[in-house]
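Dropping structure.cif in here (mmCIF, C-alpha atoms and all ligand atoms):
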data_structure
#
loop_
_atom_site.group_PDB
_atom_site.id
_atom_site.type_symbol
_atom_site.label_atom_id
_atom_site.label_comp_id
_atom_site.auth_asym_id
_atom_site.auth_seq_id
_atom_site.Cartn_x
_atom_site.Cartn_y
_atom_site.Cartn_z
ATOM 1 C CA MET A 858 93.834 241.479 45.724
ATOM 2 C CA ILE A 859 90.917 243.226 44.042
ATOM 3 C CA ARG A 860 87.382 241.962 44.622
ATOM 4 C CA LEU A 861 84.415 243.372 42.786
ATOM 5 C CA ILE A 862 81.347 241.934 44.443
ATOM 6 C CA ARG A 863 77.995 242.092 42.686
ATOM 7 C CA LEU A 864 78.501 245.626 41.415
ATOM 8 C CA SER A 865 75.601 247.426 39.831
ATOM 9 C CA LYS A 866 75.688 250.996 38.577
ATOM 10 C CA LYS A 867 73.271 253.206 36.686
ATOM 11 C CA TYR A 868 74.125 256.821 35.966
ATOM 12 C CA HIS A 869 70.470 257.759 35.477
ATOM 13 C CA LYS A 870 67.338 256.031 36.648
ATOM 14 C CA ASN A 871 65.775 255.545 33.257
ATOM 15 C CA GLU A 872 68.915 254.404 31.464
ATOM 16 C CA PRO A 873 70.243 250.858 31.135
ATOM 17 C CA PHE A 874 72.777 249.553 33.678
ATOM 18 C CA ALA A 875 76.361 250.668 33.078
ATOM 19 C CA LEU A 876 77.338 247.680 35.261
ATOM 20 C CA GLN A 877 74.956 244.953 36.284
ATOM 21 C CA ASP A 878 75.589 242.462 39.090
ATOM 22 C CA LEU A 879 79.220 242.189 38.091
ATOM 23 C CA SER A 880 81.656 240.116 40.152
ATOM 24 C CA VAL A 881 85.371 239.721 39.418
ATOM 25 C CA ASP A 882 88.473 238.859 41.472
ATOM 26 C CA ILE A 883 91.930 239.981 40.370
ATOM 27 C CA ASP A 884 95.082 238.764 42.121
ATOM 28 C CA GLN A 885 98.073 240.939 42.886
ATOM 29 C CA GLY A 886 100.493 240.858 39.951
ATOM 30 C CA GLU A 887 97.988 239.902 37.256
ATOM 31 C CA PHE A 888 97.848 241.563 33.843
ATOM 32 C CA VAL A 889 94.237 241.939 32.740
ATOM 33 C CA TYR A 890 92.831 243.172 29.448
ATOM 34 C CA LEU A 891 89.361 244.599 29.859
ATOM 35 C CA ILE A 892 87.732 244.427 26.469
ATOM 36 C CA GLY A 893 84.288 245.123 25.055
ATOM 37 C CA LYS A 894 82.523 247.460 22.699
ATOM 38 C CA SER A 895 82.177 251.139 23.402
ATOM 39 C CA GLY A 896 79.522 251.580 26.094
ATOM 40 C CA SER A 897 79.960 248.069 27.520
ATOM 41 C CA GLY A 898 81.057 249.427 30.926
ATOM 42 C CA LYS A 899 84.870 249.291 30.835
ATOM 43 C CA SER A 900 85.487 252.854 32.042
ATOM 44 C CA THR A 901 82.770 252.575 34.646
ATOM 45 C CA LEU A 902 84.385 249.435 36.052
ATOM 46 C CA LEU A 903 87.800 251.115 36.179
ATOM 47 C CA LYS A 904 86.369 254.238 37.801
ATOM 48 C CA HIS A 905 85.066 252.058 40.620
ATOM 49 C CA LEU A 906 88.627 250.881 41.237
ATOM 50 C CA TYR A 907 89.983 254.340 41.909
ATOM 51 C CA GLY A 908 86.904 255.606 43.659
ATOM 52 C CA GLN A 909 85.753 257.984 40.921
ATOM 53 C CA VAL A 910 82.240 256.555 41.030
ATOM 54 C CA LYS A 911 80.398 254.605 43.702
ATOM 55 C CA PRO A 912 78.279 251.560 42.985
ATOM 56 C CA ASP A 913 74.532 251.624 43.511
ATOM 57 C CA GLN A 914 74.860 248.097 44.806
ATOM 58 C CA GLY A 915 77.747 245.802 45.632
ATOM 59 C CA HIS A 916 81.274 246.373 46.908
ATOM 60 C CA VAL A 917 84.747 247.131 45.657
ATOM 61 C CA VAL A 918 87.457 245.749 47.922
ATOM 62 C CA ILE A 919 91.144 246.441 47.332
ATOM 63 C CA ASP A 920 93.341 244.770 49.941
ATOM 64 C CA SER A 921 92.111 246.215 53.222
ATOM 65 C CA PHE A 922 90.055 249.021 51.641
ATOM 66 C CA VAL A 923 86.352 248.763 50.999
ATOM 67 C CA VAL A 924 86.530 251.421 48.288
ATOM 68 C CA SER A 925 82.813 251.786 48.008
ATOM 69 C CA GLN A 926 82.660 252.871 51.669
ATOM 70 C CA LEU A 927 85.617 255.276 51.706
ATOM 71 C CA LYS A 928 84.729 258.866 52.472
ATOM 72 C CA ALA A 929 85.937 261.571 50.096
ATOM 73 C CA ASN A 930 88.682 262.585 52.554
ATOM 74 C CA GLU A 931 89.926 258.971 52.771
ATOM 75 C CA LEU A 932 90.273 258.422 49.038
ATOM 76 C CA PHE A 933 93.892 259.575 49.111
ATOM 77 C CA LYS A 934 94.783 256.418 51.051
ATOM 78 C CA LEU A 935 93.453 254.286 48.206
ATOM 79 C CA ARG A 936 95.083 256.439 45.551
ATOM 80 C CA ARG A 937 98.484 255.739 47.072
ATOM 81 C CA GLN A 938 97.950 252.138 46.003
ATOM 82 C CA VAL A 939 96.610 252.907 42.547
ATOM 83 C CA GLY A 940 98.043 254.699 39.502
ATOM 84 C CA VAL A 941 95.821 255.724 36.606
ATOM 85 C CA VAL A 942 96.540 256.457 32.944
ATOM 86 C CA PHE A 943 93.945 257.803 30.519
ATOM 87 C CA GLN A 944 93.585 258.032 26.770
ATOM 88 C CA ASP A 945 94.273 261.774 26.821
ATOM 89 C CA TYR A 946 97.433 262.233 28.767
ATOM 90 C CA ASN A 947 96.249 265.075 31.036
ATOM 91 C CA LEU A 948 99.711 266.623 31.333
ATOM 92 C CA LEU A 949 100.412 270.107 32.595
ATOM 93 C CA GLN A 950 101.830 271.833 29.526
ATOM 94 C CA TYR A 951 103.553 274.621 31.476
ATOM 95 C CA LYS A 952 105.537 272.152 33.600
ATOM 96 C CA THR A 953 108.580 270.190 32.471
ATOM 97 C CA VAL A 954 108.448 266.437 32.025
ATOM 98 C CA TYR A 955 110.242 266.105 35.378
ATOM 99 C CA ASP A 956 107.793 268.396 37.175
ATOM 100 C CA ASN A 957 104.771 266.657 35.650
ATOM 101 C CA VAL A 958 105.932 263.471 37.341
ATOM 102 C CA ALA A 959 107.339 265.073 40.507
ATOM 103 C CA TYR A 960 104.243 266.977 41.600
ATOM 104 C CA VAL A 961 102.497 263.706 42.490
ATOM 105 C CA LEU A 962 105.083 263.262 45.239
ATOM 106 C CA GLU A 963 105.428 266.950 46.094
ATOM 107 C CA VAL A 964 101.853 267.055 47.350
ATOM 108 C CA THR A 965 102.711 264.270 49.798
ATOM 109 C CA ASN A 966 105.579 266.242 51.394
ATOM 110 C CA THR A 967 108.154 263.682 50.286
ATOM 111 C CA ASP A 968 111.802 264.650 50.813
ATOM 112 C CA GLU A 969 113.278 266.409 47.738
ATOM 113 C CA LYS A 970 116.137 263.927 47.313
ATOM 114 C CA VAL A 971 113.726 260.996 47.467
ATOM 115 C CA ILE A 972 111.486 262.742 44.923
ATOM 116 C CA GLU A 973 114.421 263.232 42.567
ATOM 117 C CA SER A 974 115.489 259.621 42.725
ATOM 118 C CA LYS A 975 111.937 258.283 42.315
ATOM 119 C CA VAL A 976 111.133 260.601 39.410
ATOM 120 C CA MET A 977 114.359 259.712 37.588
ATOM 121 C CA GLN A 978 113.686 256.016 38.181
ATOM 122 C CA ALA A 979 110.136 256.337 36.788
ATOM 123 C CA LEU A 980 111.418 258.256 33.748
ATOM 124 C CA LYS A 981 114.058 255.578 33.231
ATOM 125 C CA THR A 982 111.410 252.855 33.343
ATOM 126 C CA VAL A 983 109.433 254.580 30.584
ATOM 127 C CA GLY A 984 112.582 255.397 28.582
ATOM 128 C CA LEU A 985 112.437 259.182 28.950
ATOM 129 C CA SER A 986 115.379 260.040 31.230
ATOM 130 C CA GLN A 987 116.822 262.259 28.508
ATOM 131 C CA ARG A 988 113.662 264.360 28.231
ATOM 132 C CA ALA A 989 113.360 265.309 31.908
ATOM 133 C CA LEU A 990 113.852 269.027 31.308
ATOM 134 C CA ASP A 991 111.804 269.246 28.127
ATOM 135 C CA TYR A 992 108.132 270.244 27.966
ATOM 136 C CA PRO A 993 105.241 267.944 27.009
ATOM 137 C CA GLY A 994 104.466 270.155 24.005
ATOM 138 C CA ASN A 995 107.803 269.150 22.465
ATOM 139 C CA CYS A 996 107.081 265.446 22.898
ATOM 140 C CA SER A 997 105.271 263.063 20.548
ATOM 141 C CA GLY A 998 101.941 261.490 21.535
ATOM 142 C CA GLY A 999 103.716 258.278 22.495
ATOM 143 C CA GLU A 1000 106.215 260.177 24.624
ATOM 144 C CA GLN A 1001 103.415 262.126 26.317
ATOM 145 C CA GLN A 1002 101.701 258.870 27.197
ATOM 146 C CA ARG A 1003 105.010 257.617 28.615
ATOM 147 C CA ILE A 1004 105.188 260.732 30.805
ATOM 148 C CA ALA A 1005 101.654 259.977 31.985
ATOM 149 C CA ILE A 1006 102.697 256.409 32.783
ATOM 150 C CA ALA A 1007 105.760 257.654 34.694
ATOM 151 C CA ARG A 1008 103.456 259.944 36.677
ATOM 152 C CA ALA A 1009 101.151 257.011 37.403
ATOM 153 C CA ILE A 1010 103.936 254.731 38.684
ATOM 154 C CA VAL A 1011 106.209 257.209 40.473
ATOM 155 C CA HIS A 1012 104.590 256.522 43.847
ATOM 156 C CA GLU A 1013 105.087 252.781 43.232
ATOM 157 C CA PRO A 1014 101.423 251.800 43.284
ATOM 158 C CA LYS A 1015 100.383 248.173 43.602
ATOM 159 C CA ILE A 1016 97.844 248.617 40.821
ATOM 160 C CA LEU A 1017 98.131 250.444 37.507
ATOM 161 C CA ILE A 1018 94.867 251.183 35.717
ATOM 162 C CA ALA A 1019 95.079 252.165 32.064
ATOM 163 C CA ASP A 1020 91.814 253.290 30.457
ATOM 164 C CA GLU A 1021 92.225 252.993 26.664
ATOM 165 C CA PRO A 1022 95.839 254.193 26.983
ATOM 166 C CA THR A 1023 96.538 253.707 23.282
ATOM 167 C CA GLY A 1024 93.306 255.296 22.024
ATOM 168 C CA ASN A 1025 95.146 258.268 20.508
ATOM 169 C CA LEU A 1026 98.245 256.443 19.300
ATOM 170 C CA ASP A 1027 99.226 254.857 15.997
ATOM 171 C CA PRO A 1028 99.556 251.047 15.901
ATOM 172 C CA ARG A 1029 103.351 250.958 16.229
ATOM 173 C CA THR A 1030 103.449 253.369 19.148
ATOM 174 C CA SER A 1031 100.542 251.485 20.717
ATOM 175 C CA LEU A 1032 102.540 248.274 20.681
ATOM 176 C CA SER A 1033 105.520 249.874 22.357
ATOM 177 C CA MET A 1034 103.125 251.210 25.020
ATOM 178 C CA LEU A 1035 101.762 247.720 25.475
ATOM 179 C CA ARG A 1036 105.275 246.339 25.934
ATOM 180 C CA LEU A 1037 105.929 249.031 28.543
ATOM 181 C CA LEU A 1038 102.785 248.109 30.494
ATOM 182 C CA HIS A 1039 103.820 244.451 30.443
ATOM 183 C CA LYS A 1040 107.303 245.419 31.651
ATOM 184 C CA ILE A 1041 105.758 247.317 34.574
ATOM 185 C CA ASN A 1042 103.593 244.267 35.302
ATOM 186 C CA LYS A 1043 106.713 242.050 35.412
ATOM 187 C CA SER A 1044 107.927 244.068 38.385
ATOM 188 C CA GLY A 1045 104.859 242.904 40.348
ATOM 189 C CA THR A 1046 102.378 245.697 39.664
ATOM 190 C CA THR A 1047 98.856 244.576 38.826
ATOM 191 C CA VAL A 1048 97.960 246.101 35.448
ATOM 192 C CA ILE A 1049 94.372 246.448 34.266
ATOM 193 C CA MET A 1050 94.089 247.868 30.794
ATOM 194 C CA SER A 1051 90.892 248.580 28.910
ATOM 195 C CA THR A 1052 90.929 248.428 25.141
ATOM 196 C CA HIS A 1053 88.633 247.664 22.253
ATOM 197 C CA ASP A 1054 91.611 246.465 20.210
ATOM 198 C CA TYR A 1055 91.810 242.666 20.456
ATOM 199 C CA SER A 1056 95.061 242.553 18.475
ATOM 200 C CA PHE A 1057 96.873 243.493 21.709
ATOM 201 C CA VAL A 1058 95.743 240.230 23.230
ATOM 202 C CA GLU A 1059 97.187 238.387 20.253
ATOM 203 C CA HIS A 1060 100.506 240.228 20.545
ATOM 204 C CA MET A 1061 100.930 239.802 24.285
ATOM 205 C CA PRO A 1062 98.428 237.298 25.709
ATOM 206 C CA ALA A 1063 97.156 237.646 29.276
ATOM 207 C CA ARG A 1064 93.892 237.267 31.154
ATOM 208 C CA VAL A 1065 91.004 238.753 29.170
ATOM 209 C CA ILE A 1066 87.774 239.944 30.773
ATOM 210 C CA GLN A 1067 85.172 240.785 28.179
ATOM 211 C CA LEU A 1068 82.263 243.041 29.095
ATOM 212 C CA SER A 1069 78.963 243.334 27.304
ATOM 213 C CA GLU A 1070 76.118 245.572 28.471
ATOM 214 C CA GLY A 1071 77.695 245.964 31.885
ATOM 215 C CA LYS A 1072 78.141 242.252 32.516
ATOM 216 C CA VAL A 1073 81.073 239.864 32.265
ATOM 217 C CA LYS A 1074 80.566 238.079 28.966
ATOM 218 C CA SER A 1075 83.713 235.970 29.333
ATOM 219 C CA ASP A 1076 86.697 235.800 31.673
ATOM 220 C CA ARG A 1077 89.635 233.846 30.310
ATOM 221 C CA SER A 1078 92.888 233.172 32.110
ATOM 222 C CA LYS A 1079 96.156 233.673 30.232
ATOM 223 C CA ASN A 1080 96.391 229.937 29.586
ATOM 224 C CA HIS A 1081 92.849 229.787 28.298
ATOM 225 C CA THR A 1082 93.570 232.766 26.034
ATOM 226 C CA LEU A 1083 96.718 231.056 24.754
ATOM 227 C CA LEU A 1084 94.797 227.869 24.017
ATOM 228 C CA ILE A 1085 92.268 229.765 21.979
ATOM 229 C CA LEU A 1086 94.939 231.752 20.162
ATOM 230 C CA ASN A 1087 96.807 228.551 19.334
ATOM 231 C CA ASN A 1088 93.612 226.906 18.168
ATOM 232 C CA THR A 1089 94.617 223.790 20.041
ATOM 233 C CA MET A 1090 91.242 223.519 21.699
ATOM 234 C CA GLY A 1091 87.813 224.867 20.869
ATOM 235 C CA GLU A 1092 86.233 227.151 23.431
ATOM 236 C CA TYR A 1093 83.388 224.667 23.608
ATOM 237 C CA TYR A 1094 85.592 222.256 25.531
ATOM 238 C CA VAL A 1095 86.906 224.692 28.092
ATOM 239 C CA VAL A 1096 84.819 224.986 31.197
HETATM 240 P P1 LIG B 1 83.031 251.879 27.874
HETATM 241 O O1 LIG B 1 84.194 252.372 28.695
HETATM 242 O O2 LIG B 1 83.032 250.410 27.642
HETATM 243 O O3 LIG B 1 82.890 252.645 26.590
HETATM 244 P P2 LIG B 1 81.356 253.243 29.811
HETATM 245 O O4 LIG B 1 81.641 252.710 31.158
HETATM 246 O O5 LIG B 1 81.967 254.563 29.433
HETATM 247 O O6 LIG B 1 81.691 252.133 28.708
HETATM 248 O O7 LIG B 1 79.778 253.388 29.644
HETATM 249 C C1 LIG B 1 78.853 252.403 30.052
HETATM 250 C C2 LIG B 1 77.452 253.003 29.959
HETATM 251 O O8 LIG B 1 77.301 254.040 30.923
HETATM 252 C C3 LIG B 1 77.132 253.625 28.603
HETATM 253 O O9 LIG B 1 75.774 253.375 28.313
HETATM 254 C C4 LIG B 1 77.389 255.083 28.830
HETATM 255 O O10 LIG B 1 76.573 255.880 27.974
HETATM 256 C C5 LIG B 1 76.995 255.275 30.287
HETATM 257 N N1 LIG B 1 77.771 256.340 30.940
HETATM 258 C C6 LIG B 1 79.099 256.343 31.153
HETATM 259 N N2 LIG B 1 79.486 257.449 31.811
HETATM 260 C C7 LIG B 1 78.357 258.166 32.028
HETATM 261 C C8 LIG B 1 78.087 259.412 32.666
HETATM 262 N N3 LIG B 1 79.065 260.134 33.225
HETATM 263 N N4 LIG B 1 76.804 259.846 32.692
HETATM 264 C C9 LIG B 1 75.812 259.118 32.152
HETATM 265 N N5 LIG B 1 75.990 257.925 31.536
HETATM 266 C C10 LIG B 1 77.248 257.457 31.470
#

I'd like the structure from this file rewritten - as structure tokens, please.
Ligand code: ADP
Amino acid sequence: MIRLIRLSKKYHKNEPFALQDLSVDIDQGEFVYLIGKSGSGKSTLLKHLYGQVKPDQGHVVIDSFVVSQLKANELFKLRRQVGVVFQDYNLLQYKTVYDNVAYVLEVTNTDEKVIESKVMQALKTVGLSQRALDYPGNCSGGEQQRIAIARAIVHEPKILIADEPTGNLDPRTSLSMLRLLHKINKSGTTVIMSTHDYSFVEHMPARVIQLSEGKVKSDRSKNHTLLILNNTMGEYYVV
């Protein structure tokens, strides 16, 4: 369970709010699209979830963690529960695909055999078992993003955060990435994905939280989204 409680954040005093009095609850196992124009606060919201930024006001609660109160040396506890994928894949070019995924577990002193089985399972999930010994530089953009997703899920987090994960990908590759994120969600992982591309919602409907100027402009459940997509009911009638 994720609870964002009356979050407000400004990066600089004299600038507008990046987030303003924003409250949202997300249940374990949900798939959430976070949409909104550039600058609407999507990345800032996601950064609060993995403790990259702290709110000026309000609280971020993930299960038993009050993220906003964790000290820097406690953040690792939270990050065991959360995997993160970015638009630019942030892979280590001098390491193999396998090692890019494995090092997440190596820093936690996990047994080598366990690491091997978890890494191969994560690579299987993203469809890259055959590329384990290759280098990221020999992989396409879509494959590199799959490596990044494998790295984000190898420690079996409860929550996967994807910040514009398809921003650098062509439409076809983007859709296959979307299908992969939904597949990961089916296994019980909460997935929160920011995008400014609404066509994803049409392809694979789910809950949609729309931000505007750091506030929640709308928050529609999957069923509500489906109703709107099917044009069976005007938004006007849905409370
Ligand atoms: P989005 O992800 O929707 O594009 P962001 O969360 O990146 O939105 O940005 C929200 C607002 O906060 C914007 O006005 C942006 O300029 C500002 N902002 C984001 N990151 C920083 C930062 N590191 N320093 C200063 N301002 C920032």

Pick out the residues no farther than 9 Å from ligand LIG 1 (chain B), counting only C-alpha atoms and all ligand atoms, and list them as number ranges by chain.
A: 866-869, 872-876, 891-904, 1020-1021, 1051-1053, 1068-1071

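Closest approach to Leu1017 of chain A among A:Glu887, A:Asp878, A:Glu969, A:Asp1076 is made by A:Glu887 (distances from only C-alpha atoms).
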
Can you pull out the residues contacting Thr1047 of chain A? Cut-off 10 Å, using only C-alpha atoms, and skip same-chain residues under 5 positions away; I want them as a list of chain:residue names.
A:Met858, A:Ile859, A:Ile883, A:Asp884, A:Gln885, A:Gly886, A:Glu887, A:Phe888, A:Val889, A:Val939, A:Pro1014, A:Lys1015, A:Ile1016, A:Leu1017, A:Ile1018, A:Leu1038, A:His1039, A:Ile1041, A:Asn1042

Explicit residue set for the PyMOL selection byres (((chain A and resi 1031) around 12) and not hetatm), as a PyMOL selection string:
chain A and resi 944+998-1000+1002-1003+1021-1030+1032-1038+1052+1054+1056-1057+1060

Proximity to Leu962 of chain A - best of A:Gln950, A:Ala1009, A:Leu932, A:Asp945, all atoms listed in the file:
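Closest to Leu962 of chain A of all the choices is A:Ala1009.
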
Give me the result of the PyMOL selection byres (((chain A and resi 862) around 9) and not hetatm) on this file, residue by residue, as a list in words.
Arg860, Leu861, Arg863, Leu864, Asp878, Leu879, Ser880, Val881, Asp882, Gln914, Gly915, His916, Val917 and Val918 of chain A

Those same residues, written as a compact mmCIF listing (two decimals), in the coordinates of the input with C-alpha atoms?
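The result, stored in again07.txt:
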# COMPACT_ATOMS: atom_id res chain seq x y z
CA ARG A 860 87.38 241.96 44.62
CA LEU A 861 84.42 243.37 42.79
CA ARG A 863 78.00 242.09 42.69
CA LEU A 864 78.50 245.63 41.42
CA ASP A 878 75.59 242.46 39.09
CA LEU A 879 79.22 242.19 38.09
CA SER A 880 81.66 240.12 40.15
CA VAL A 881 85.37 239.72 39.42
CA ASP A 882 88.47 238.86 41.47
CA GLN A 914 74.86 248.10 44.81
CA GLY A 915 77.75 245.80 45.63
CA HIS A 916 81.27 246.37 46.91
CA VAL A 917 84.75 247.13 45.66
CA VAL A 918 87.46 245.75 47.92

Can I get segment 921-931 of chain A with all heavy atoms filled in, as an mmCIF file, in the frame of the given file?
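Generated file (out23.cif):
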data_model
loop_
_atom_site.group_PDB
_atom_site.id
_atom_site.type_symbol
_atom_site.label_atom_id
_atom_site.label_comp_id
_atom_site.auth_asym_id
_atom_site.auth_seq_id
_atom_site.Cartn_x
_atom_site.Cartn_y
_atom_site.Cartn_z
ATOM 1 N N SER A 921 92.902 245.994 52.009
ATOM 2 C CA SER A 921 92.111 246.215 53.222
ATOM 3 C C SER A 921 91.066 247.328 53.041
ATOM 4 O O SER A 921 90.352 247.666 53.980
ATOM 5 C CB SER A 921 93.049 246.570 54.370
ATOM 6 O OG SER A 921 93.778 247.709 54.019
ATOM 7 N N PHE A 922 90.998 247.910 51.844
ATOM 8 C CA PHE A 922 90.055 249.021 51.641
ATOM 9 C C PHE A 922 88.734 248.538 51.056
ATOM 10 O O PHE A 922 88.739 247.842 50.042
ATOM 11 C CB PHE A 922 90.609 250.040 50.642
ATOM 12 C CG PHE A 922 91.853 250.726 51.102
ATOM 13 C CD1 PHE A 922 93.074 250.396 50.547
ATOM 14 C CD2 PHE A 922 91.793 251.712 52.078
ATOM 15 C CE1 PHE A 922 94.225 251.026 50.964
ATOM 16 C CE2 PHE A 922 92.944 252.352 52.496
ATOM 17 C CZ PHE A 922 94.167 252.002 51.946
ATOM 18 N N VAL A 923 87.645 248.932 51.665
ATOM 19 C CA VAL A 923 86.352 248.763 50.999
ATOM 20 C C VAL A 923 86.107 250.097 50.297
ATOM 21 O O VAL A 923 85.650 251.077 50.895
ATOM 22 C CB VAL A 923 85.228 248.444 52.008
ATOM 23 C CG1 VAL A 923 83.905 248.241 51.273
ATOM 24 C CG2 VAL A 923 85.577 247.201 52.802
ATOM 25 N N VAL A 924 86.503 250.147 49.017
ATOM 26 C CA VAL A 924 86.530 251.421 48.288
ATOM 27 C C VAL A 924 85.165 252.086 48.300
ATOM 28 O O VAL A 924 85.043 253.296 48.469
ATOM 29 C CB VAL A 924 86.957 251.182 46.818
ATOM 30 C CG1 VAL A 924 87.009 252.494 46.054
ATOM 31 C CG2 VAL A 924 88.300 250.483 46.775
ATOM 32 N N SER A 925 84.154 251.243 48.120
ATOM 33 C CA SER A 925 82.813 251.786 48.008
ATOM 34 C C SER A 925 82.346 252.463 49.296
ATOM 35 O O SER A 925 81.365 253.187 49.289
ATOM 36 C CB SER A 925 81.864 250.662 47.578
ATOM 37 O OG SER A 925 82.271 249.424 48.121
ATOM 38 N N GLN A 926 83.077 252.240 50.408
ATOM 39 C CA GLN A 926 82.660 252.871 51.669
ATOM 40 C C GLN A 926 83.613 253.979 52.123
ATOM 41 O O GLN A 926 83.407 254.580 53.168
ATOM 42 C CB GLN A 926 82.575 251.804 52.771
ATOM 43 C CG GLN A 926 81.385 250.888 52.561
ATOM 44 C CD GLN A 926 81.360 249.721 53.542
ATOM 45 O OE1 GLN A 926 82.283 249.545 54.339
ATOM 46 N NE2 GLN A 926 80.322 248.919 53.457
ATOM 47 N N LEU A 927 84.667 254.234 51.313
ATOM 48 C CA LEU A 927 85.617 255.276 51.706
ATOM 49 C C LEU A 927 84.962 256.646 51.593
ATOM 50 O O LEU A 927 84.252 256.930 50.626
ATOM 51 C CB LEU A 927 86.843 255.254 50.793
ATOM 52 C CG LEU A 927 87.857 254.128 50.980
ATOM 53 C CD1 LEU A 927 88.977 254.265 49.952
ATOM 54 C CD2 LEU A 927 88.438 254.156 52.386
ATOM 55 N N LYS A 928 85.241 257.489 52.561
ATOM 56 C CA LYS A 928 84.729 258.866 52.472
ATOM 57 C C LYS A 928 85.660 259.651 51.553
ATOM 58 O O LYS A 928 86.811 259.251 51.332
ATOM 59 C CB LYS A 928 84.724 259.490 53.861
ATOM 60 C CG LYS A 928 83.801 258.758 54.816
ATOM 61 C CD LYS A 928 83.496 259.622 56.029
ATOM 62 C CE LYS A 928 82.592 258.879 56.981
ATOM 63 N NZ LYS A 928 83.317 257.945 57.865
ATOM 64 N N ALA A 929 85.150 260.772 51.047
ATOM 65 C CA ALA A 929 85.937 261.571 50.096
ATOM 66 C C ALA A 929 87.318 261.888 50.669
ATOM 67 O O ALA A 929 88.321 261.820 49.963
ATOM 68 C CB ALA A 929 85.185 262.843 49.747
ATOM 69 N N ASN A 930 87.387 262.207 51.979
ATOM 70 C CA ASN A 930 88.682 262.585 52.554
ATOM 71 C C ASN A 930 89.569 261.377 52.886
ATOM 72 O O ASN A 930 90.645 261.522 53.431
ATOM 73 C CB ASN A 930 88.490 263.487 53.786
ATOM 74 C CG ASN A 930 87.767 262.774 54.908
ATOM 75 O OD1 ASN A 930 87.376 261.608 54.756
ATOM 76 N ND2 ASN A 930 87.592 263.451 56.034
ATOM 77 N N GLU A 931 89.085 260.167 52.554
ATOM 78 C CA GLU A 931 89.926 258.971 52.771
ATOM 79 C C GLU A 931 90.433 258.403 51.444
ATOM 80 O O GLU A 931 91.244 257.483 51.432
ATOM 81 C CB GLU A 931 89.111 257.878 53.485
ATOM 82 C CG GLU A 931 88.715 258.253 54.901
ATOM 83 C CD GLU A 931 87.766 257.211 55.500
ATOM 84 O OE1 GLU A 931 86.919 256.673 54.765
ATOM 85 O OE2 GLU A 931 87.892 256.946 56.697
#
